[in-house]
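A.B. asks: Here you go, this is input-v8.cif (mmCIF, C-alpha atoms and all ligand atoms).
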data_structure
#
loop_
_atom_site.label_atom_id
_atom_site.label_comp_id
_atom_site.auth_asym_id
_atom_site.auth_seq_id
_atom_site.Cartn_x
_atom_site.Cartn_y
_atom_site.Cartn_z
CA MET A 23 121.93 90.68 118.74
CA GLU A 24 119.89 87.45 118.46
CA ARG A 25 120.37 86.96 122.20
CA GLU A 26 119.19 90.51 122.95
CA ILE A 27 116.04 89.94 120.90
CA ILE A 28 115.18 86.69 122.62
CA ASN A 29 115.93 88.16 126.06
CA SER A 30 113.79 91.18 125.32
CA ILE A 31 110.90 88.85 124.34
CA LYS A 32 111.38 86.71 127.46
CA LYS A 33 111.30 89.59 129.90
CA SER A 34 108.28 91.31 128.34
CA SER A 35 104.82 90.62 129.66
CA ARG A 36 102.80 91.80 126.62
CA VAL A 37 104.11 91.75 123.06
CA LEU A 38 102.58 93.27 119.93
CA ILE A 39 103.70 91.98 116.55
CA ILE A 40 103.02 94.49 113.76
CA THR A 41 102.73 93.46 110.10
CA HIS A 42 102.98 95.94 107.24
CA VAL A 43 100.03 97.61 105.48
CA ASN A 44 98.54 95.52 102.67
CA PRO A 45 99.84 92.36 104.39
CA ASP A 46 101.48 89.64 102.28
CA GLY A 47 102.60 86.06 102.91
CA ASP A 48 105.97 87.10 104.31
CA THR A 49 104.83 89.65 106.89
CA LEU A 50 101.95 87.36 107.98
CA GLY A 51 104.09 84.20 107.94
CA THR A 52 106.80 85.83 110.03
CA ALA A 53 104.22 87.20 112.48
CA SER A 54 102.55 83.80 112.71
CA ALA A 55 105.86 82.02 113.43
CA LEU A 56 106.83 84.61 116.02
CA ARG A 57 103.43 84.31 117.72
CA SER A 58 103.84 80.52 117.78
CA TYR A 59 107.18 80.90 119.55
CA ILE A 60 106.16 83.63 122.01
CA GLY A 61 102.77 82.20 122.91
CA LYS A 62 99.66 83.82 124.34
CA LYS A 63 101.31 86.96 125.68
CA ALA A 64 101.77 88.10 122.07
CA ASP A 65 99.16 89.59 119.76
CA ILE A 66 99.42 90.15 116.02
CA LEU A 67 98.19 93.46 114.59
CA VAL A 68 97.11 93.50 110.94
CA GLN A 69 96.75 96.92 109.37
CA ILE A 70 93.49 96.58 107.48
CA LYS A 71 90.25 98.49 107.98
CA ASN A 72 88.01 95.49 108.58
CA LYS A 73 88.27 91.73 108.59
CA THR A 74 86.65 91.36 105.18
CA GLN A 75 89.84 92.87 103.73
CA PHE A 76 91.98 90.09 105.15
CA PRO A 77 93.76 88.16 102.38
CA LYS A 78 91.84 84.89 102.60
CA MET A 79 94.61 82.67 101.27
CA TYR A 80 96.65 83.31 104.41
CA GLU A 81 93.95 82.27 106.86
CA PHE A 82 95.61 78.84 107.14
CA LEU A 83 98.57 80.37 108.99
CA PRO A 84 98.65 79.42 112.69
CA HIS A 85 97.23 82.14 115.01
CA ILE A 86 96.34 84.43 112.13
CA ASN A 87 92.63 84.02 112.81
CA SER A 88 93.11 85.66 116.19
CA ALA A 89 95.07 88.60 114.74
CA LEU A 90 93.71 91.97 115.83
CA LEU A 91 92.62 95.08 113.99
CA LEU A 92 93.85 98.43 115.31
CA SER A 93 90.41 99.08 116.86
CA GLU A 94 90.77 95.88 118.90
CA VAL A 95 94.23 96.63 120.32
CA LYS A 96 94.27 97.64 123.99
CA ASN A 97 97.77 99.12 123.99
CA ASP A 98 99.13 97.52 127.15
CA TYR A 99 102.30 96.28 125.47
CA ASP A 100 105.83 96.61 126.78
CA LEU A 101 107.41 95.29 123.58
CA VAL A 102 106.46 95.92 119.96
CA ILE A 103 108.05 93.97 117.11
CA ALA A 104 107.64 95.07 113.48
CA VAL A 105 108.17 92.25 110.97
CA ASP A 106 108.90 92.80 107.26
CA VAL A 107 108.08 96.50 107.70
CA ALA A 108 110.60 98.44 105.55
CA SER A 109 110.00 101.85 107.11
CA ILE A 110 107.95 103.38 109.89
CA ASP A 111 105.66 104.87 107.21
CA ARG A 112 104.42 101.33 106.61
CA ILE A 113 102.94 101.46 110.12
CA ILE A 114 100.02 103.82 109.94
CA GLU A 115 98.19 106.25 112.23
CA ASN A 116 97.63 105.04 115.77
CA ALA A 117 99.65 101.86 115.29
CA ARG A 118 102.66 104.10 114.70
CA LYS A 119 101.86 105.98 117.91
CA ILE A 120 101.86 102.67 119.78
CA PHE A 121 105.22 101.80 118.22
CA GLU A 122 106.72 105.19 119.03
CA ASN A 123 105.40 105.27 122.59
CA THR A 124 106.54 101.77 123.55
CA LYS A 125 109.88 101.64 125.34
CA ASN A 126 111.15 98.44 123.75
CA THR A 127 110.85 98.03 120.02
CA ILE A 128 112.39 95.52 117.63
CA VAL A 129 112.53 95.57 113.84
CA ILE A 130 113.01 92.23 112.05
CA ASP A 131 113.35 92.75 108.32
CA HIS A 132 115.12 92.00 105.04
CA HIS A 133 114.54 95.24 103.07
CA LYS A 134 117.88 96.79 102.11
CA THR A 135 116.29 100.23 102.33
CA ASN A 136 115.31 99.73 105.99
CA LYS A 137 117.23 102.31 108.02
CA GLY A 138 116.38 100.70 111.37
CA TYR A 139 113.73 102.64 113.28
CA GLY A 140 113.50 100.34 116.30
CA LYS A 141 115.49 100.17 119.51
CA LEU A 142 116.86 96.82 118.30
CA ASN A 143 117.19 96.36 114.56
CA TYR A 144 117.82 92.96 113.01
CA ILE A 145 117.91 93.70 109.29
CA LYS A 146 119.49 91.33 106.80
CA GLY A 147 119.18 92.80 103.33
CA GLU A 148 120.80 89.77 101.71
CA LEU A 149 118.12 87.33 102.88
CA SER A 150 115.08 86.42 100.78
CA SER A 151 112.41 87.24 103.30
CA ALA A 152 111.67 88.32 106.85
CA SER A 153 110.79 84.66 107.44
CA GLU A 154 114.34 83.68 106.51
CA VAL A 155 115.64 86.34 108.91
CA LEU A 156 113.48 84.99 111.73
CA TYR A 157 114.65 81.44 110.95
CA GLU A 158 118.24 82.67 111.36
CA ILE A 159 117.43 84.17 114.77
CA PHE A 160 115.68 80.96 115.90
CA LYS A 161 118.55 78.82 114.66
CA LYS A 162 121.27 80.89 116.33
CA GLU A 163 119.33 80.72 119.59
CA ASN A 164 118.64 76.97 119.29
CA ILE A 165 114.91 77.49 119.29
CA LYS A 166 113.02 74.39 118.19
CA ILE A 167 111.35 74.76 114.80
CA THR A 168 107.97 73.16 115.40
CA LYS A 169 105.69 72.12 112.57
CA GLU A 170 103.58 75.20 113.29
CA ILE A 171 106.57 77.54 113.02
CA ALA A 172 107.78 75.72 109.89
CA THR A 173 104.40 76.13 108.17
CA ALA A 174 104.46 79.88 108.74
CA LEU A 175 108.12 80.44 107.78
CA TYR A 176 107.75 78.29 104.67
CA CYS A 177 104.81 80.45 103.55
CA GLY A 178 106.90 83.61 103.99
CA ILE A 179 109.85 82.24 102.05
CA LEU A 180 107.70 80.70 99.30
CA THR A 181 105.73 83.87 98.61
CA ASP A 182 108.61 86.38 98.88
CA THR A 183 110.79 84.36 96.50
CA GLY A 184 107.91 83.95 94.02
CA CYS A 185 108.11 80.17 94.56
CA PHE A 186 111.94 80.18 94.59
CA LYS A 187 112.09 82.02 91.25
CA TYR A 188 113.41 85.50 92.16
CA GLU A 189 117.08 86.38 92.46
CA ASN A 190 116.73 86.69 96.24
CA THR A 191 116.63 82.86 96.24
CA THR A 192 120.05 81.62 97.41
CA PRO A 193 121.51 78.18 98.22
CA GLN A 194 120.80 79.14 101.84
CA THR A 195 117.12 79.68 101.01
CA PHE A 196 116.85 76.14 99.66
CA LYS A 197 118.69 74.76 102.69
CA ILE A 198 116.27 76.47 105.04
CA ALA A 199 113.26 75.34 102.99
CA SER A 200 114.61 71.81 103.22
CA LYS A 201 115.03 72.07 107.01
CA LEU A 202 111.45 73.35 107.28
CA ALA A 203 110.19 70.50 105.08
CA ASP A 204 112.03 68.07 107.40
CA THR A 205 109.60 68.96 110.18
CA GLY A 206 106.87 67.13 108.24
CA ILE A 207 104.94 70.05 106.82
CA ILE A 208 103.21 69.34 103.51
CA THR A 209 104.76 71.92 101.21
CA SER A 210 102.38 71.28 98.31
CA GLU A 211 99.43 72.04 100.59
CA ILE A 212 100.98 75.34 101.67
CA ALA A 213 101.55 76.23 98.00
CA ASP A 214 97.91 75.41 97.27
CA PHE A 215 96.70 77.65 100.10
CA CYS A 216 98.83 80.51 98.76
CA TYR A 217 98.23 80.09 95.03
CA SER A 218 95.18 77.94 94.28
CA ASN A 219 92.68 79.57 96.52
CA LYS A 220 91.77 82.80 94.77
CA PRO A 221 88.36 84.47 94.68
CA LYS A 222 86.66 84.40 91.27
CA ASN A 223 86.51 88.20 91.12
CA LEU A 224 90.24 88.39 91.69
CA ILE A 225 90.95 86.47 88.50
CA LEU A 226 88.41 88.53 86.53
CA PHE A 227 89.85 91.78 87.93
CA GLN A 228 93.42 90.75 87.07
CA ASN A 229 92.38 89.68 83.58
CA TYR A 230 90.81 93.08 83.04
CA LEU A 231 94.00 94.84 84.15
CA VAL A 232 96.22 92.70 81.96
CA SER A 233 93.97 93.14 78.91
CA ASN A 234 94.06 96.89 79.44
CA ALA A 235 97.81 97.15 79.90
CA LYS A 236 99.57 99.75 77.75
CA PHE A 237 103.03 99.51 76.24
CA HIS A 238 105.62 102.27 75.96
CA SER A 239 109.23 102.86 74.83
CA ASN A 240 109.34 100.09 72.21
CA ASP A 241 107.62 97.59 74.51
CA LYS A 242 110.25 98.03 77.23
CA ILE A 243 107.78 99.65 79.62
CA VAL A 244 104.34 98.28 80.43
CA TYR A 245 101.75 99.68 82.80
CA THR A 246 98.17 99.26 83.87
CA LEU A 247 95.92 101.62 85.82
CA ILE A 248 93.67 100.59 88.69
CA THR A 249 91.02 103.26 88.99
CA LYS A 250 88.52 103.59 91.81
CA GLU A 251 85.82 102.70 89.29
CA ILE A 252 87.44 99.34 88.49
CA ILE A 253 87.99 98.59 92.17
CA LYS A 254 84.30 99.20 92.74
CA LYS A 255 83.20 97.13 89.75
CA TYR A 256 85.07 94.02 90.94
CA ASN A 257 84.69 94.75 94.65
CA ALA A 258 88.46 94.43 94.79
CA THR A 259 90.40 94.23 98.06
CA ASP A 260 94.14 94.89 98.37
CA GLU A 261 95.05 91.24 97.78
CA PHE A 262 93.48 91.45 94.29
CA THR A 263 96.44 93.47 93.01
CA GLU A 264 99.06 90.97 94.14
CA GLY A 265 100.89 89.36 91.24
CA ILE A 266 99.68 91.65 88.42
CA CYS A 267 102.96 93.51 88.22
CA GLU A 268 104.87 90.20 88.06
CA THR A 269 102.62 89.03 85.22
CA LEU A 270 103.37 92.23 83.27
CA ARG A 271 107.09 91.92 83.92
CA SER A 272 107.04 88.37 82.58
CA ILE A 273 106.38 89.68 79.05
CA GLU A 274 109.25 89.26 76.60
CA ASP A 275 111.44 92.41 76.14
CA ILE A 276 109.77 94.27 79.02
CA GLU A 277 112.29 95.96 81.32
CA ILE A 278 109.97 97.84 83.65
CA ALA A 279 106.38 97.08 84.72
CA PHE A 280 104.19 99.53 86.63
CA VAL A 281 100.87 99.09 88.34
CA LEU A 282 99.28 102.40 89.37
CA LYS A 283 96.40 102.48 91.81
CA GLU A 284 94.13 105.41 92.57
CA THR A 285 93.75 105.94 96.34
CA ASP A 286 92.52 108.72 98.62
CA SER A 287 96.09 109.65 99.50
CA GLY A 288 97.38 109.77 95.91
CA THR A 289 98.57 107.23 93.38
CA LYS A 290 100.07 104.04 94.78
CA VAL A 291 102.71 102.56 92.50
CA SER A 292 104.21 99.07 92.28
CA ILE A 293 107.27 98.57 90.10
CA ARG A 294 108.87 95.34 88.91
CA THR A 295 112.00 95.21 86.76
CA LYS A 296 114.13 92.52 85.16
CA ASP A 297 117.69 93.93 85.44
CA LEU A 298 117.25 97.63 86.17
CA ASP A 299 117.22 98.96 89.71
CA ALA A 300 113.59 99.76 90.58
CA THR A 301 114.61 101.73 93.68
CA LYS A 302 116.22 104.32 91.36
CA ILE A 303 112.67 105.18 90.32
CA THR A 304 111.02 104.95 93.73
CA ASP A 305 113.81 106.97 95.44
CA LYS A 306 112.60 110.01 93.47
CA PHE A 307 109.19 109.64 95.09
CA LYS A 308 110.34 108.74 98.63
CA GLY A 309 109.45 105.07 98.19
CA GLY A 310 111.54 101.97 98.64
CA GLY A 311 111.91 98.24 98.27
CA HIS A 312 114.25 95.92 96.46
CA LYS A 313 116.17 96.07 93.17
CA ARG A 314 113.51 94.22 91.17
CA ALA A 315 110.45 95.02 93.26
CA ALA A 316 109.76 98.45 94.72
CA GLY A 317 106.89 100.80 95.45
CA CYS A 318 105.96 104.38 96.26
CA THR A 319 103.01 106.71 96.62
CA ILE A 320 102.87 109.82 94.43
CA LYS A 321 100.61 112.61 95.60
CA LEU A 322 99.24 113.29 92.13
CA GLU A 323 96.24 112.27 90.08
CA ILE A 324 96.83 108.87 88.42
CA ASN A 325 97.54 110.12 84.87
CA GLU A 326 99.89 112.84 86.15
CA ALA A 327 101.71 110.28 88.30
CA LEU A 328 102.04 108.03 85.25
CA LYS A 329 103.71 110.81 83.22
CA LYS A 330 106.29 111.42 85.96
CA LEU A 331 107.01 107.72 86.30
CA ILE A 332 107.56 107.20 82.60
CA ILE A 333 109.96 110.15 82.43
CA GLN A 334 111.88 108.69 85.35
CA ALA A 335 111.82 105.17 83.91
CA GLN A 336 113.13 106.34 80.55
CA THR A 337 116.29 107.71 82.20
CA LEU A 338 117.15 104.10 83.15
CA LEU A 339 116.63 102.55 79.71
MN MN A 401 109.17 90.44 102.78
#
Go through the file and emit its structure as structure tokens.
Ligand SMILES: [Mn+2]
C.D. replies:
Amino acid sequence: MEREIINSIKKSSRVLIITHVNPDGDTLGTASALRSYIGKKADILVQIKNKTQFPKMYEFLPHINSALLLSEVKNDYDLVIAVDVASIDRIIENARKIFENTKNTIVIDHHKTNKGYGKLNYIKGELSSASEVLYEIFKKENIKITKEIATALYCGILTDTGCFKYENTTPQTFKIASKLADTGIITSEIADFCYSNKPKNLILFQNYLVSNAKFHSNDKIVYTLITKEIIKKYNATDEFTEGICETLRSIEDIEIAFVLKETDSGTKVSIRTKDLDATKITDKFKGGGHKRAAGCTIKLEINEALKKLIIQAQTLL
């Protein structure tokens, strides 16, 4: 399978690398590493409306500054590769049309819920991150891990493991991180780019959401609501919500943390759990993700969505 992927890349003349909506360090890191390997014939597509929405902390990733918006894509690709994209629903509108209309498609991912919607599917649910999956492909094919590639893959692994804290962190993850560090990258600098580079409004916005969190079921459930009004007040972009759910989960005795966000297409929900299986909640709403981190969109007004979620969550307690 690794060989087929590399051969498919080699014989293609134009390659599009697609990251998931609301891009994070793993999808962008994996895309950046893949672009470094493939070279100029590859473009990265980020699914954001305009460049001001780009998560600034990830601008240090190689080739990410030349990533394209959907409006800038010419659609002359003979190979499309989706990285860290759990389902085709995470590729929106015309980007999905490009994916569906391209003859050769590859999915590189680590979400257990990924059913494999590409022509070639390289999905390793037991690995920490898409970056770890890509590292495995590179290693099996004896592809040199340059400093540039190592920087990008390290970012993906670091952010998806919550700095090597989550249970997806395995001995293998540490071994790979060590191999990446061997290339001479400065890991503390990468951590600073990812975690010590936040806009002022992001911290104020997150503080507001934490202060306004509500507790339920004897402090086993916690949630906070992101209304359109609050988004407007803090001029919040998608990256502003990253990490809030983890903060809420970190509270003593909490089993389930929800963050609900009001959007035009319904209520977007992030769920983090300690031991319970979060996908048992998101499955009910056609969402997906991992055991301790999952998400879904509920086509209801935010307070109605909250009621449904709490009922569902209580069945797990
Ligand atoms: Mn990921």
A.B. asks: Identify the residues within 10 Å of coordinate (93.0, 90.4, 92.0) (same frame as the file), considering only C-alpha atoms, and give the answer as an MDAnalysis selection string.
C.D. replies: chainID A and resid 220:231 253 256:266
A.B. asks: Hey, which of A:His312, A:Lys32, A:Lys321, A:Lys201 ends up closest to A:Lys169? Count all atoms listed in the file.
C.D. replies: A:Lys201
A.B. asks: What gap, in Å, lies between atom CA of A:Val232 and atom CA of A:Leu339?
C.D. replies: 22.8 Å
A.B. asks: Please produce, as a Markdown table, a per-residue contact table for stretch 165-281 of chain A versus stretch 322-333 of chain A (criterion: any atom at most 10 Å away, all atoms listed in the file considered), showing the nearest atom pair and its distance in Å to one decimal, sorted by chain then residue number.
C.D. replies:
| residue | atom | partner | partner_atom | distance |
| --- | --- | --- | --- | --- |
| A:His238 | CA | A:Ile332 | CA | 8.5 |
| A:Ser239 | CA | A:Ile332 | CA | 9.1 |
| A:Ile243 | CA | A:Ile332 | CA | 8.1 |
| A:Val244 | CA | A:Ile332 | CA | 9.7 |
| A:Tyr245 | CA | A:Leu328 | CA | 8.7 |
| A:Thr246 | CA | A:Leu328 | CA | 9.7 |
| A:Leu247 | CA | A:Ile324 | CA | 7.8 |
| A:Ile248 | CA | A:Ile324 | CA | 8.9 |
| A:Thr249 | CA | A:Ile324 | CA | 8.1 |
| A:Ile278 | CA | A:Ile332 | CA | 9.7 |
| A:Phe280 | CA | A:Leu331 | CA | 8.7 |
| A:Val281 | CA | A:Leu328 | CA | 9.5 |
A.B. asks: Using all atoms listed in the file, which protein or nucleic acid residues are at most 10 Å from ligand MN 401 (chain A), as a CSV table (one decimal) with C-alpha atoms, in the frame of the given file?
C.D. replies:
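part20.csv, written as the output of this step:
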chain,number,residue,atom,x,y,z
A,42,HIS,CA,103.0,95.9,107.2
A,45,PRO,CA,99.8,92.4,104.4
A,46,ASP,CA,101.5,89.6,102.3
A,47,GLY,CA,102.6,86.1,102.9
A,48,ASP,CA,106.0,87.1,104.3
A,49,THR,CA,104.8,89.6,106.9
A,50,LEU,CA,102.0,87.4,108.0
A,51,GLY,CA,104.1,84.2,107.9
A,52,THR,CA,106.8,85.8,110.0
A,105,VAL,CA,108.2,92.2,111.0
A,106,ASP,CA,108.9,92.8,107.3
A,107,VAL,CA,108.1,96.5,107.7
A,108,ALA,CA,110.6,98.4,105.6
A,131,ASP,CA,113.4,92.8,108.3
A,132,HIS,CA,115.1,92.0,105.0
A,133,HIS,CA,114.5,95.2,103.1
A,149,LEU,CA,118.1,87.3,102.9
A,150,SER,CA,115.1,86.4,100.8
A,151,SER,CA,112.4,87.2,103.3
A,152,ALA,CA,111.7,88.3,106.8
A,153,SER,CA,110.8,84.7,107.4
A,154,GLU,CA,114.3,83.7,106.5
A,155,VAL,CA,115.6,86.3,108.9
A,178,GLY,CA,106.9,83.6,104.0
A,179,ILE,CA,109.8,82.2,102.0
A,181,THR,CA,105.7,83.9,98.6
A,182,ASP,CA,108.6,86.4,98.9
A,183,THR,CA,110.8,84.4,96.5
A,311,GLY,CA,111.9,98.2,98.3
A,312,HIS,CA,114.2,95.9,96.5
A.B. asks: To one decimal place, how far is atom CA of A:Thr337 from atom CA of A:Lys302 in Å?
C.D. replies: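 According to the coordinates, atom CA of A:Thr337 and atom CA of A:Lys302 are separated by 9.8 Å.
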A.B. asks: With only C-alpha atoms as the basis for distance, which of A:Ala235, A:Ala174, A:Ile120, A:Leu90 is at the shortest distance from A:Leu156?
C.D. replies: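 Ranked by minimum distance to A:Leu156, first place goes to A:Ala174.
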A.B. asks: Quick one: of A:Gln75, A:Asn116, A:Thr295, A:Ser54, who's nearest to A:Ala279, counting only C-alpha atoms?
C.D. replies: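 Closest to A:Ala279, using only C-alpha atoms: A:Thr295.
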A.B. asks: Skipping near chain neighbours, those fewer than 2 positions away, what residues fall within 12 Å of A:Gly61 using only C-alpha atoms, listed as an mmCIF file with C-alpha atoms, in the coordinates of the input?
C.D. replies:
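around.cif, freshly written:
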data_model
loop_
_atom_site.group_PDB
_atom_site.id
_atom_site.type_symbol
_atom_site.label_atom_id
_atom_site.label_comp_id
_atom_site.auth_asym_id
_atom_site.auth_seq_id
_atom_site.Cartn_x
_atom_site.Cartn_y
_atom_site.Cartn_z
ATOM 1 C CA ILE A 31 110.900 88.850 124.340
ATOM 2 C CA LYS A 32 111.380 86.710 127.460
ATOM 3 C CA SER A 34 108.280 91.310 128.340
ATOM 4 C CA SER A 35 104.820 90.620 129.660
ATOM 5 C CA ARG A 36 102.800 91.800 126.620
ATOM 6 C CA VAL A 37 104.110 91.750 123.060
ATOM 7 C CA LEU A 38 102.580 93.270 119.930
ATOM 8 C CA ILE A 39 103.700 91.980 116.550
ATOM 9 C CA ALA A 53 104.220 87.200 112.480
ATOM 10 C CA SER A 54 102.550 83.800 112.710
ATOM 11 C CA ALA A 55 105.860 82.020 113.430
ATOM 12 C CA LEU A 56 106.830 84.610 116.020
ATOM 13 C CA ARG A 57 103.430 84.310 117.720
ATOM 14 C CA SER A 58 103.840 80.520 117.780
ATOM 15 C CA TYR A 59 107.180 80.900 119.550
ATOM 16 C CA LYS A 63 101.310 86.960 125.680
ATOM 17 C CA ALA A 64 101.770 88.100 122.070
ATOM 18 C CA ASP A 65 99.160 89.590 119.760
ATOM 19 C CA ILE A 66 99.420 90.150 116.020
ATOM 20 C CA PRO A 84 98.650 79.420 112.690
ATOM 21 C CA HIS A 85 97.230 82.140 115.010
ATOM 22 C CA GLU A 170 103.580 75.200 113.290
ATOM 23 C CA ILE A 171 106.570 77.540 113.020
#
A.B. asks: Just checking: using only C-alpha atoms, which residue out of A:Tyr99, A:Phe196, A:Tyr176, A:Phe237 ends up closest to A:Glu211?
C.D. replies: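 Between A:Tyr99, A:Phe196, A:Tyr176, A:Phe237, the residue approaching A:Glu211 most closely is A:Tyr176.
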A.B. asks: Between atom CA of A:Arg25 and atom CA of A:Gln194, measure the distance and give it in Å to one decimal.
C.D. replies: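 Atom CA of A:Gln194 lies at a distance of 21.8 Å from atom CA of A:Arg25.
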A.B. asks: Need to verify the contact set: A:Thr124, 8 Å, only C-alpha atoms, exclusion of same-chain residues closer than 2 positions in sequence. Can you return it as a VMD selection string?
C.D. replies: chain A and resid 99 to 102 120 to 122 126 to 127
A.B. asks: Considering only C-alpha atoms, can you say which of A:Tyr80, A:Phe307, A:Tyr139, A:Phe160 comes closest to A:Ile212?
C.D. replies: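 Checking each of A:Tyr80, A:Phe307, A:Tyr139, A:Phe160 against A:Ile212, counting only C-alpha atoms, the winner is A:Tyr80.
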A.B. asks: Which polymer residues have any atom within 12 Å of an atom of A:Asp297, counting all atoms listed in the file, with same-chain residues fewer than 6 positions away left out, as a PyMOL selection string?
C.D. replies: chain A and resi 188-189+242+271+275-279+312-315+338-339
A.B. asks: Which of these, A:Asn219, A:Asn164, A:Thr205, A:Gln336, has the shortest distance to A:Pro77 once you count only C-alpha atoms?
C.D. replies: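 Nearest to A:Pro77: A:Asn219.
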A.B. asks: Go ahead and fit an axis-aligned box to every listed atom of stretch 59-63 of chain A plus 3 Å each side, and pass me the centre and edge lengths in Å, one decimal, as lines of an AutoDock Vina configuration file.
C.D. replies:
center_x = 103.4
center_y = 83.9
center_z = 122.6
size_x = 13.5
size_y = 12.1
size_z = 12.1
A.B. asks: Output requested as a PDB file, in the coordinates of the input - stretch 319-334 of chain A, filled out with N, CA and C atoms.
C.D. replies:
ATOM      1  N   THR A 319     104.285 106.026  96.791  1.00  0.00           N
ATOM      2  CA  THR A 319     103.010 106.710  96.620  1.00  0.00           C
ATOM      3  C   THR A 319     103.311 108.112  96.104  1.00  0.00           C
ATOM      4  N   ILE A 320     102.652 108.487  95.015  1.00  0.00           N
ATOM      5  CA  ILE A 320     102.870 109.820  94.430  1.00  0.00           C
ATOM      6  C   ILE A 320     101.608 110.645  94.659  1.00  0.00           C
ATOM      7  N   LYS A 321     101.780 111.804  95.259  1.00  0.00           N
ATOM      8  CA  LYS A 321     100.610 112.610  95.600  1.00  0.00           C
ATOM      9  C   LYS A 321     100.117 113.410  94.381  1.00  0.00           C
ATOM     10  N   LEU A 322      99.757 112.678  93.356  1.00  0.00           N
ATOM     11  CA  LEU A 322      99.240 113.290  92.130  1.00  0.00           C
ATOM     12  C   LEU A 322      98.102 112.418  91.611  1.00  0.00           C
ATOM     13  N   GLU A 323      97.308 113.002  90.752  1.00  0.00           N
ATOM     14  CA  GLU A 323      96.240 112.270  90.080  1.00  0.00           C
ATOM     15  C   GLU A 323      96.903 111.173  89.220  1.00  0.00           C
ATOM     16  N   ILE A 324      96.218 110.078  88.997  1.00  0.00           N
ATOM     17  CA  ILE A 324      96.830 108.870  88.420  1.00  0.00           C
ATOM     18  C   ILE A 324      97.522 109.113  87.066  1.00  0.00           C
ATOM     19  N   ASN A 325      96.911 109.901  86.179  1.00  0.00           N
ATOM     20  CA  ASN A 325      97.540 110.120  84.870  1.00  0.00           C
ATOM     21  C   ASN A 325      98.765 111.033  84.949  1.00  0.00           C
ATOM     22  N   GLU A 326      98.727 111.965  85.915  1.00  0.00           N
ATOM     23  CA  GLU A 326      99.890 112.840  86.150  1.00  0.00           C
ATOM     24  C   GLU A 326     101.036 112.028  86.737  1.00  0.00           C
ATOM     25  N   ALA A 327     100.689 111.145  87.667  1.00  0.00           N
ATOM     26  CA  ALA A 327     101.710 110.280  88.300  1.00  0.00           C
ATOM     27  C   ALA A 327     102.359 109.401  87.231  1.00  0.00           C
ATOM     28  N   LEU A 328     101.534 108.888  86.321  1.00  0.00           N
ATOM     29  CA  LEU A 328     102.040 108.030  85.250  1.00  0.00           C
ATOM     30  C   LEU A 328     103.083 108.759  84.395  1.00  0.00           C
ATOM     31  N   LYS A 329     102.767 110.019  84.037  1.00  0.00           N
ATOM     32  CA  LYS A 329     103.710 110.810  83.220  1.00  0.00           C
ATOM     33  C   LYS A 329     105.064 110.926  83.899  1.00  0.00           C
ATOM     34  N   LYS A 330     105.028 111.256  85.196  1.00  0.00           N
ATOM     35  CA  LYS A 330     106.290 111.420  85.960  1.00  0.00           C
ATOM     36  C   LYS A 330     107.069 110.110  86.005  1.00  0.00           C
ATOM     37  N   LEU A 331     106.354 109.017  86.200  1.00  0.00           N
ATOM     38  CA  LEU A 331     107.010 107.720  86.300  1.00  0.00           C
ATOM     39  C   LEU A 331     107.689 107.332  85.000  1.00  0.00           C
ATOM     40  N   ILE A 332     106.989 107.575  83.899  1.00  0.00           N
ATOM     41  CA  ILE A 332     107.560 107.200  82.600  1.00  0.00           C
ATOM     42  C   ILE A 332     108.812 108.017  82.305  1.00  0.00           C
ATOM     43  N   ILE A 333     108.757 109.313  82.624  1.00  0.00           N
ATOM     44  CA  ILE A 333     109.960 110.150  82.430  1.00  0.00           C
ATOM     45  C   ILE A 333     111.122 109.586  83.233  1.00  0.00           C
ATOM     46  N   GLN A 334     110.841 109.233  84.476  1.00  0.00           N
ATOM     47  CA  GLN A 334     111.880 108.690  85.350  1.00  0.00           C
ATOM     48  C   GLN A 334     112.399 107.328  84.839  1.00  0.00           C
TER      49      GLN A 334
END
